[in-house]
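Student: Quick one: structure below, then a few questions.
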Amino acid sequence: MKLKETVHFNWYKHLLLLIILLACFFSSMRITGADFSKVFTNSSQVTAFLSRFVHPEFSYLNKLIAPMIKTLQMSLLGTTIGVLIAIPVSFLATTTITENRWVSTIFRFFLGVVRTIPTLLLAALFVAVFGIGEATGVLTIAVFTFGMVSQLMFQAIETIDFGPIEAAAAVGANKLQIAIWSVAPQVMSQFASYAFYAFEVNVRASTVLGYVGAGGIGVILNSSLALLKYERVSIIILTILVTVSIVDKLSERVRRSFL
């Protein structure tokens with residue numbers, strides 16, 4: 001290794017980079033008006049919050065079972081709908097099946113637009129259109145799943161072995177037959193893995209959809225925070241944490257079985 005390639009020889013470059021980062025950090029603080037000193041001056045409020053937060057109201061646990069089950073049902077139904085729509089769209093978004101760059105470009109652009117919409121914003125829009133309730137949460141999760149899974153699926157299709165496709169085309173198979181008999185068998189295990197991964201993500205995401213009235217346990221969490229009932233907030237968060245951990249472990253095992 002040459003001297004100029006060592007860290008010590010280029011120390012001034014790293015120092016300059018550090019100075020630039022610090023300048024950006026402090027200028028951002030000044031522009032936004034962020035005052036981190038309030039974090040330490042409000043220590044009494046933090047102490048009051050933690051003194052109640054560390055004492056969960058376990059007697060409230062039985063009232064959380066039904067909302068937590070609704071949250072899981074929302075996640076499962078929304079994931080199922082999103083995946084079912086994503087499968088045909090993912091085939092249309094790749095030139096491997098369509099052999100038409102314009103068609104695939106249009107579908108990819110549409111998927112890009114869907115993925116750019118934040119989940120909470122999407123939920124707020126659906127609440128404004130369809131009203132408050134679990135159905136709004138299901139629609140939000142379905143659209144989010146559709147955007148995420150479609151991207152993963154059409155990328156998986158583009159990495160397959162083209163031998164079965166060429167063989168099917170040689171005997172006169174049409175595009176639908178090629179998609180079903182030559183492409184699908186190569187990617188179904190990955191599709192199933194992506195579906196369970198999406199369910200895992202949606203369980204975590206659905207817990208906060210209640211903040212905009214999209215149903216589930218998030219509604220109770222939001223109301224408990226608004227009423228300053230931190231003991232209930234603590235048990236709600238513990239319930240969500242345990243549920244998400246169990247779902248993550250089960251999903252991980254299932255996804256590994258498909259890989």
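Residues are named by chain letter and number: chains run A, B, ... in the order of the structure tokens, numbers start at 1 in each chain, and ligands are numbered from 1 in the order shown.
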Report as a tab-separated table the residues of segment 121-232 of chain A within 7 Å of segment 91-99 of chain A, each with its shortest atom pair and distance in Å (one decimal), using only C-alpha atoms, ordered by chain and increasing residue number.
Tutor:
residue	atom	partner	partner_atom	distance
A:Phe154	CA	A:Thr94	CA	5.9
A:Glu158	CA	A:Thr96	CA	6.5
A:Lys175	CA	A:Ile97	CA	6.4
A:Ala179	CA	A:Ile97	CA	6.7
Student: Within 8 Å of segment 191-199 of chain A, counting only C-alpha atoms, which residues qualify if same-chain residues fewer than 2 places away don't, as number ranges by chain?
Tutor: A: 75-76, 79-80, 83, 145, 148-149, 152-153, 187-189, 201-203, 251-252, 254-256, 258-259
Student: May I have the selected residues written with N, CA, C and O atoms, as a compact mmCIF listing (two decimals), in the first residue's frame?
Tutor:
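Written out: out.txt:
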# COMPACT_ATOMS: atom_id res chain seq x y z
N SER A 75 -54.30 -6.46 8.44
CA SER A 75 -53.02 -6.70 7.79
C SER A 75 -53.10 -7.88 6.83
O SER A 75 -52.60 -7.83 5.71
N LEU A 76 -53.75 -8.96 7.29
CA LEU A 76 -53.85 -10.16 6.46
C LEU A 76 -54.70 -9.91 5.22
O LEU A 76 -54.31 -10.27 4.10
N THR A 79 -52.93 -7.38 2.87
CA THR A 79 -51.79 -8.03 2.20
C THR A 79 -52.26 -8.96 1.10
O THR A 79 -51.70 -8.98 0.00
N THR A 80 -53.31 -9.75 1.38
CA THR A 80 -53.83 -10.69 0.39
C THR A 80 -54.33 -9.96 -0.86
O THR A 80 -54.01 -10.34 -2.00
N VAL A 83 -51.31 -8.42 -2.81
CA VAL A 83 -50.50 -9.43 -3.50
C VAL A 83 -51.23 -9.96 -4.73
O VAL A 83 -50.63 -10.15 -5.80
N THR A 145 -49.10 -2.54 -0.09
CA THR A 145 -48.56 -3.86 -0.44
C THR A 145 -48.41 -4.00 -1.95
O THR A 145 -47.41 -4.53 -2.44
N MET A 148 -45.27 -2.10 -3.11
CA MET A 148 -44.01 -2.69 -2.66
C MET A 148 -43.75 -4.05 -3.30
O MET A 148 -42.65 -4.31 -3.81
N VAL A 149 -44.76 -4.92 -3.28
CA VAL A 149 -44.56 -6.29 -3.76
C VAL A 149 -44.42 -6.34 -5.27
O VAL A 149 -43.65 -7.15 -5.80
N LEU A 152 -40.81 -5.82 -6.22
CA LEU A 152 -39.98 -6.99 -5.93
C LEU A 152 -40.27 -8.12 -6.91
O LEU A 152 -39.35 -8.83 -7.35
N MET A 153 -41.53 -8.28 -7.27
CA MET A 153 -41.90 -9.40 -8.14
C MET A 153 -41.38 -9.24 -9.55
O MET A 153 -40.84 -10.19 -10.13
N VAL A 187 -40.61 -18.49 -10.15
CA VAL A 187 -40.66 -17.35 -9.22
C VAL A 187 -41.70 -17.50 -8.10
O VAL A 187 -41.78 -16.63 -7.24
N MET A 188 -42.49 -18.57 -8.09
CA MET A 188 -43.55 -18.69 -7.10
C MET A 188 -43.02 -18.74 -5.68
O MET A 188 -43.63 -18.19 -4.75
N SER A 189 -41.88 -19.41 -5.47
CA SER A 189 -41.31 -19.45 -4.11
C SER A 189 -40.90 -18.05 -3.66
O SER A 189 -41.11 -17.69 -2.49
N VAL A 201 -44.37 -6.62 7.43
CA VAL A 201 -44.25 -5.17 7.41
C VAL A 201 -45.59 -4.50 7.73
O VAL A 201 -45.66 -3.52 8.48
N ASN A 202 -46.67 -5.06 7.18
CA ASN A 202 -47.99 -4.45 7.34
C ASN A 202 -48.51 -4.55 8.76
O ASN A 202 -49.27 -3.68 9.20
N VAL A 203 -48.14 -5.60 9.49
CA VAL A 203 -48.55 -5.69 10.89
C VAL A 203 -47.98 -4.52 11.68
O VAL A 203 -48.67 -3.91 12.50
N SER A 251 -43.12 -15.34 10.39
CA SER A 251 -42.91 -14.96 9.00
C SER A 251 -41.51 -15.35 8.54
O SER A 251 -41.32 -15.82 7.41
N GLU A 252 -40.53 -15.15 9.40
CA GLU A 252 -39.15 -15.49 9.03
C GLU A 252 -39.00 -16.98 8.77
O GLU A 252 -38.34 -17.40 7.82
N VAL A 254 -41.37 -19.09 7.85
CA VAL A 254 -42.10 -19.45 6.62
C VAL A 254 -41.30 -19.01 5.39
O VAL A 254 -41.18 -19.75 4.41
N ARG A 255 -40.74 -17.79 5.44
CA ARG A 255 -39.98 -17.29 4.29
C ARG A 255 -38.74 -18.14 4.05
O ARG A 255 -38.36 -18.37 2.90
N ARG A 256 -38.12 -18.61 5.10
CA ARG A 256 -36.94 -19.47 4.92
C ARG A 256 -37.30 -20.80 4.29
O ARG A 256 -36.51 -21.37 3.54
N PHE A 258 -39.39 -21.24 2.00
CA PHE A 258 -39.62 -21.05 0.56
C PHE A 258 -38.32 -20.78 -0.19
O PHE A 258 -38.31 -20.83 -1.42
N LEU A 259 -37.24 -20.43 0.52
CA LEU A 259 -35.99 -20.07 -0.15
C LEU A 259 -35.09 -21.28 -0.32
O LEU A 259 -35.21 -22.26 0.38
Student: Could you name the residues that touch Ala135 of chain A at 12 Å or less, counting only C-alpha atoms, but leaving out those on the same chain fewer than 6 positions away, as a PyMOL selection string?
Tutor: chain A and resi 70-71+73-75+77-78+123+126-127+129+141-142+209-210+213-216
Student: A:Met68, A:Val233, A:Ile81, A:Val89: which is nearest Ile157 of chain A, counting only C-alpha atoms?
Tutor: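 Of all the options, A:Val89 lies closest to Ile157 of chain A.
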Student: Interatomic distance between atom CA of Leu121 of chain A and atom CA of Gly133 of chain A?
Tutor: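 Straight-line distance from atom CA of Leu121 of chain A to atom CA of Gly133 of chain A works out to 15.7 Å.
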Student: I need the residues in segment 1-90 of chain A that are helix (DSSP H, G or I) according to DSSP; give them as an NGL selection string.
Tutor: :A and (3-5 or 11-32 or 37-41 or 43-53 or 58-63 or 65-90)
Student: Pick the closest to Val244 of chain A from A:Leu111, A:Thr41, A:Thr136, A:Thr207: which is it, counting only C-alpha atoms?
Tutor: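 With only C-alpha atoms as the atom set, the closest residue is A:Thr207.
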